[in-house]
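Participant: Please read through the structure below; I'll follow up with questions.
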Amino acid sequence: MTGSTGTTATRPAAPPKQAAPRLRTPRRPYSPSRPRRSVLLTVLTAVVLVYSLLPLLWLVLSATKSQEGLSRSFGLWFDRDIDLWHNITETFTYQDGVFLRWLLNTLMYVVVGAGGATLLAVLGGYALAKFDFPGKRAVFAVVIGAVAVPTTALAVPTFLMFSKIGLTDTPWAVIIPSLISPFGLYLMWVFATEAIPTELMEAARIDGASELRTFFQVALPLLAPGTVTVLLFTTVATWNNYFLPLIMLKDPDWYPLTLGLDAWNKQAQTAGGEAVFNLVVTGSLLTIVPLVAAFLSLQKYWQSGLSAGSVKE
Amino acid sequence: MTTLQPTAAAGPRPAGPPTRRARRSWTGWGFIGPFVLVFALVFLAPLAYSVYLSLFRTQLIGGTRFVGLENYQQALQDGQFWDGVLRVGLFLLVQVPIMLGIALLVALAIDSGRLYGKDFFRISVFLPYAVPAVVATLMWGFMYGPRFGLVGDINDAFGVTLPDPLSSGLILASIGNIVTWEFVGYNMLIFYAALRVIPQSLYEAAEIDGAGQWRVIASIKLPAIRGALVIATIFSVIGSFQLFNEPAILQKLAPNAITTDYTPNYYTYSLSFSGQQHNYSATVAIVMGVITMVVAYVVQLRGMRKGA
């Protein structure tokens, strides 16, 4: 309710350990605010952890194997030959280095598509959280309702519309639909409601700041952790997008990584096609690495944002 | 009139309340306008076009002509379509509760502060979400498969014959496993984020009242994140009804178990891009959209009523 300064004033700052027993009854077995660690709970939760990580371990191990190594070795251990480096260079050089082209395409789709989607979501979420405008409920209802529409209900007419104006088989066919993230809008709405005190906006307005200035100088810094989160989610959505490019793109030169990998996998099934499972596996690993790196490196920022949000109460 | 809000006594400015209200009512559009504009372009326009398409039919002889609701009539009697609907319905009833249940348990476990290494848990369980559906499906598809899969390895190593995950009897469960793997961490994070914003003062109050951890979960945590639970359920329902990526990619590895009308979404895709039946495809997609919205709406109504 009040700022953190208010709370610290009424209570000893950073309550030291020895002070706690006097303030609280010491014999209480469970304390929600200061729980004890549990080995049993950790082990039980670790089951889900293993489930989550085992396939990734399989992928990493498989990327070190040659095509023959994949079939002759046990899935969760190394083959006798380690071919990781050879696999990586072959992935990047196979078919005149088309994999690198796909990687650059994906990066472009992410920068323009996910960046734009985040911008629109931040602006829209801020509006939904902090303004009362005519049609606000209608906007939200329509956006949420439209999420339920199957992607194909939109994909077919979007494809036909785009082909009429000559946008299919161009990057725009992938980028423009990526600009809308209803979930990003929802997330920003919730976040902005919590993170921006209306009094602060009032204060800025009384000081004569314009709405734009209030947004950029007061709201945006407070929205930073939410923005990073939305950016992360839209990045994942764009990076991992498969259906949209599948419909819109014919020219492999515009493929994102997902479509390219799918093409390599299908190649083995077509008559006369060369099976390149080792490249599919290694390419898959290379596709995941940038996103995992982004998550791990942004983790701290986003974690501090989350905890900062909850400490405020 | 002037004493409507006693708290709004910031009345040194005489014209304060009216101007502020006026400014509030329209400036919001300045911020949401860009979103709404692009939204109209990539959601509403195609949707309207879709409805338009569904009213026509292209014939080999005679070209495209207006047929009214004939396409809808056809869709309602289309066995291929309804088989797909039943399939995703079954998928939804089994997969979504399992996935959301696991996600909720993990979120509560991490939030309880009783885990060793909770940050490691959080990021690791979330990681599969970063894996594209294409890669996840290829990965699990290879692992399922007899060629260099784990199932084949285990069969060889232990001299057993495990049931084939790519057989037509098990393929739906196998797809469910892939989807669960992909989205447990995502939903866990949604729940966890909702748990984090519960005011600490509530826990302190519970502690003073002598509430145990189960009581805290039942009386504070679950009610507080009900909104997140409902939203996650709705998104999962929608996701199930739109199932496409996993069956479409797995289809190459299990051509006999997965047909091109396996899910309604796959069916509309096949109709449109292999069969060139754009009009009928749009119709099927619309019918499916209506079903999805009805189910999502029911979920929302029930979810909101529960604790109210």
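Naming works like this for the structure tokens: A, B, ... for the chains as they're shown, residue 1 at the start of each chain, ligands 1 onward in shown order.
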May I have the residues within 12 Å of segment 159-172 of chain B as a VMD selection string, using only C-alpha atoms and disregarding those fewer than 5 positions away in the same chain?
Facilitator: chain B and resid 84 86 to 92 94 to 95 140 to 147 149 to 154 177 to 179 240 243 246 to 247 250 to 259 262 to 263
Participant: Would you mind exporting N, CA and C atoms of the selected residues as a short mmCIF file (atom, residue, chain, number, x, y, z; two decimals), in the first residue's frame?
Facilitator:
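This went into again-v2.cif:
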data_model
loop_
_atom_site.label_atom_id
_atom_site.label_comp_id
_atom_site.auth_asym_id
_atom_site.auth_seq_id
_atom_site.Cartn_x
_atom_site.Cartn_y
_atom_site.Cartn_z
N GLY B 84 -12.10 -34.96 -35.89
CA GLY B 84 -11.02 -34.10 -35.40
C GLY B 84 -11.42 -33.35 -34.15
N LEU B 86 -13.64 -34.25 -31.91
CA LEU B 86 -13.67 -35.18 -30.78
C LEU B 86 -12.25 -35.49 -30.30
N ARG B 87 -11.35 -35.63 -31.26
CA ARG B 87 -9.97 -35.95 -30.92
C ARG B 87 -9.35 -34.84 -30.07
N VAL B 88 -9.49 -33.58 -30.52
CA VAL B 88 -8.90 -32.49 -29.72
C VAL B 88 -9.69 -32.30 -28.42
N GLY B 89 -10.98 -32.66 -28.43
CA GLY B 89 -11.76 -32.58 -27.20
C GLY B 89 -11.23 -33.54 -26.15
N LEU B 90 -10.95 -34.77 -26.58
CA LEU B 90 -10.37 -35.77 -25.69
C LEU B 90 -8.99 -35.31 -25.20
N PHE B 91 -8.21 -34.81 -26.14
CA PHE B 91 -6.88 -34.30 -25.83
C PHE B 91 -6.97 -33.24 -24.74
N LEU B 92 -7.90 -32.32 -24.94
CA LEU B 92 -8.10 -31.21 -24.01
C LEU B 92 -8.45 -31.70 -22.61
N VAL B 94 -7.82 -34.47 -21.16
CA VAL B 94 -6.78 -35.22 -20.47
C VAL B 94 -5.51 -34.38 -20.29
N GLN B 95 -5.07 -33.77 -21.38
CA GLN B 95 -3.76 -33.10 -21.34
C GLN B 95 -3.76 -31.82 -20.51
N TRP B 140 11.38 -35.19 -29.71
CA TRP B 140 10.58 -36.26 -29.12
C TRP B 140 10.27 -37.31 -30.18
N GLY B 141 10.04 -36.88 -31.40
CA GLY B 141 9.76 -37.83 -32.47
C GLY B 141 10.92 -38.80 -32.67
N PHE B 142 12.14 -38.28 -32.66
CA PHE B 142 13.32 -39.14 -32.78
C PHE B 142 13.43 -40.06 -31.57
N MET B 143 13.14 -39.49 -30.38
CA MET B 143 13.26 -40.31 -29.16
C MET B 143 12.21 -41.42 -29.14
N TYR B 144 11.02 -41.08 -29.64
CA TYR B 144 9.96 -42.10 -29.71
C TYR B 144 10.32 -43.20 -30.70
N GLY B 145 11.04 -42.82 -31.73
CA GLY B 145 11.18 -43.68 -32.90
C GLY B 145 12.10 -44.86 -32.67
N PRO B 146 11.95 -45.87 -33.50
CA PRO B 146 12.77 -47.06 -33.37
C PRO B 146 14.17 -46.89 -33.97
N ARG B 147 14.34 -45.92 -34.87
CA ARG B 147 15.59 -45.81 -35.61
C ARG B 147 16.77 -45.47 -34.70
N GLY B 149 15.94 -43.93 -31.55
CA GLY B 149 15.19 -43.41 -30.43
C GLY B 149 15.53 -44.09 -29.12
N LEU B 150 15.09 -43.46 -28.06
CA LEU B 150 15.29 -44.02 -26.73
C LEU B 150 14.46 -45.28 -26.56
N VAL B 151 13.27 -45.27 -27.14
CA VAL B 151 12.39 -46.43 -27.00
C VAL B 151 13.07 -47.66 -27.60
N GLY B 152 13.67 -47.48 -28.77
CA GLY B 152 14.40 -48.57 -29.40
C GLY B 152 15.58 -49.01 -28.55
N ASP B 153 16.31 -48.03 -28.00
CA ASP B 153 17.46 -48.33 -27.15
C ASP B 153 17.06 -49.16 -25.94
N ILE B 154 15.95 -48.73 -25.32
CA ILE B 154 15.50 -49.42 -24.10
C ILE B 154 15.05 -50.84 -24.45
N ASN B 177 2.15 -35.62 -24.57
CA ASN B 177 3.40 -35.53 -23.83
C ASN B 177 4.27 -34.40 -24.36
N ILE B 178 4.35 -34.27 -25.67
CA ILE B 178 5.17 -33.19 -26.24
C ILE B 178 4.62 -31.83 -25.82
N VAL B 179 3.31 -31.67 -25.94
CA VAL B 179 2.70 -30.38 -25.61
C VAL B 179 2.88 -30.08 -24.11
N SER B 240 -5.28 -26.19 -27.39
CA SER B 240 -5.65 -27.57 -27.75
C SER B 240 -6.50 -27.60 -29.01
N LEU B 243 -4.49 -27.20 -32.17
CA LEU B 243 -3.36 -28.11 -32.34
C LEU B 243 -3.02 -28.30 -33.82
N GLU B 246 2.52 -29.88 -33.82
CA GLU B 246 3.03 -31.19 -33.39
C GLU B 246 2.54 -32.32 -34.31
N PRO B 247 1.22 -32.42 -34.54
CA PRO B 247 0.80 -33.49 -35.47
C PRO B 247 1.34 -33.29 -36.89
N LEU B 250 5.02 -34.36 -36.79
CA LEU B 250 5.11 -35.78 -36.47
C LEU B 250 4.58 -36.65 -37.61
N GLN B 251 3.75 -36.07 -38.42
CA GLN B 251 3.13 -36.81 -39.52
C GLN B 251 4.18 -37.48 -40.41
N LYS B 252 5.32 -36.82 -40.61
CA LYS B 252 6.38 -37.38 -41.44
C LYS B 252 7.00 -38.61 -40.79
N LEU B 253 6.98 -38.64 -39.44
CA LEU B 253 7.58 -39.76 -38.75
C LEU B 253 6.57 -40.88 -38.50
N ALA B 254 5.29 -40.52 -38.50
CA ALA B 254 4.24 -41.52 -38.25
C ALA B 254 3.11 -41.33 -39.26
N PRO B 255 3.42 -41.57 -40.54
CA PRO B 255 2.44 -41.25 -41.59
C PRO B 255 1.16 -42.07 -41.49
N ASN B 256 1.25 -43.25 -40.89
CA ASN B 256 0.05 -44.08 -40.83
C ASN B 256 -0.86 -43.71 -39.67
N ALA B 257 -0.25 -43.14 -38.63
CA ALA B 257 -1.05 -42.84 -37.44
C ALA B 257 -1.70 -41.46 -37.53
N ILE B 258 -1.09 -40.54 -38.29
CA ILE B 258 -1.61 -39.18 -38.35
C ILE B 258 -2.06 -38.87 -39.77
N THR B 259 -3.34 -38.62 -39.91
CA THR B 259 -3.87 -38.27 -41.22
C THR B 259 -3.92 -36.75 -41.34
N TYR B 262 -6.24 -34.86 -39.00
CA TYR B 262 -6.11 -35.34 -37.63
C TYR B 262 -6.72 -34.38 -36.62
N THR B 263 -6.45 -33.09 -36.78
CA THR B 263 -7.09 -32.08 -35.93
C THR B 263 -7.84 -31.11 -36.84
#
Participant: Dump as a PyMOL selection string the residues of chain A that approach chain B to within 6 Å, counting only C-alpha atoms.
Facilitator: chain A and resi 32+36-38+42+49+52+70-71+75+120+123-124+127+131-133+148-150+153-154+157-158+177+240+284+288+310+313
Participant: With DSSP run on the backbone, what are the alpha helix (DSSP H) residues within segment 11-244 of chain B? I'd like them as number ranges by chain.
Facilitator: B: 16-39, 45-54, 70-76, 79-111, 118-126, 133-144, 150-158, 171-196, 200-208, 213-216, 222-224, 226-241
Participant: Mind pulling up the distance from atom CA of Leu55 of chain B to atom CA of Tyr72 of chain B?
Facilitator: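 Distance between the two atoms: 8.5 Å.
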Participant: Determine which residues of segment 25-245 of chain B DSSP labels as strand (DSSP E or B) from the backbone of this structure, then write them out as a list in words.
Facilitator: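 Residues meeting the strand (DSSP E or B) criterion: Phe56, Arg57, Thr58, Gln59, Gly63, Thr64, Arg65 and Phe66 of chain B.
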Participant: Kindly give the distance, in Å, that separates atom CA of Ile206 of chain A and atom CA of Pro134 of chain A, rounded to a single decimal.
Facilitator: 23.6 Å
Participant: At what distance in Å, to one decimal, does atom CA of Pro252 of chain A lie from atom CA of Asp96 of chain A?
Facilitator: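 Between atom CA of Asp96 of chain A and atom CA of Pro252 of chain A the gap is 12.3 Å.
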Participant: Which residue out of A:Leu57, A:Ala294, A:Ile180, A:Leu249 has the minimum interatomic distance to Leu167 of chain A when only C-alpha atoms are used?
Facilitator: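 Distance minimum relative to Leu167 of chain A lands on A:Leu249.
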Participant: Using only C-alpha atoms for the distances, tell me which of A:Val50, A:Ala63, A:Met188, A:Asp251 is nearest to Lys130 of chain A.
Facilitator: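 Closest to Lys130 of chain A, using only C-alpha atoms: A:Met188.
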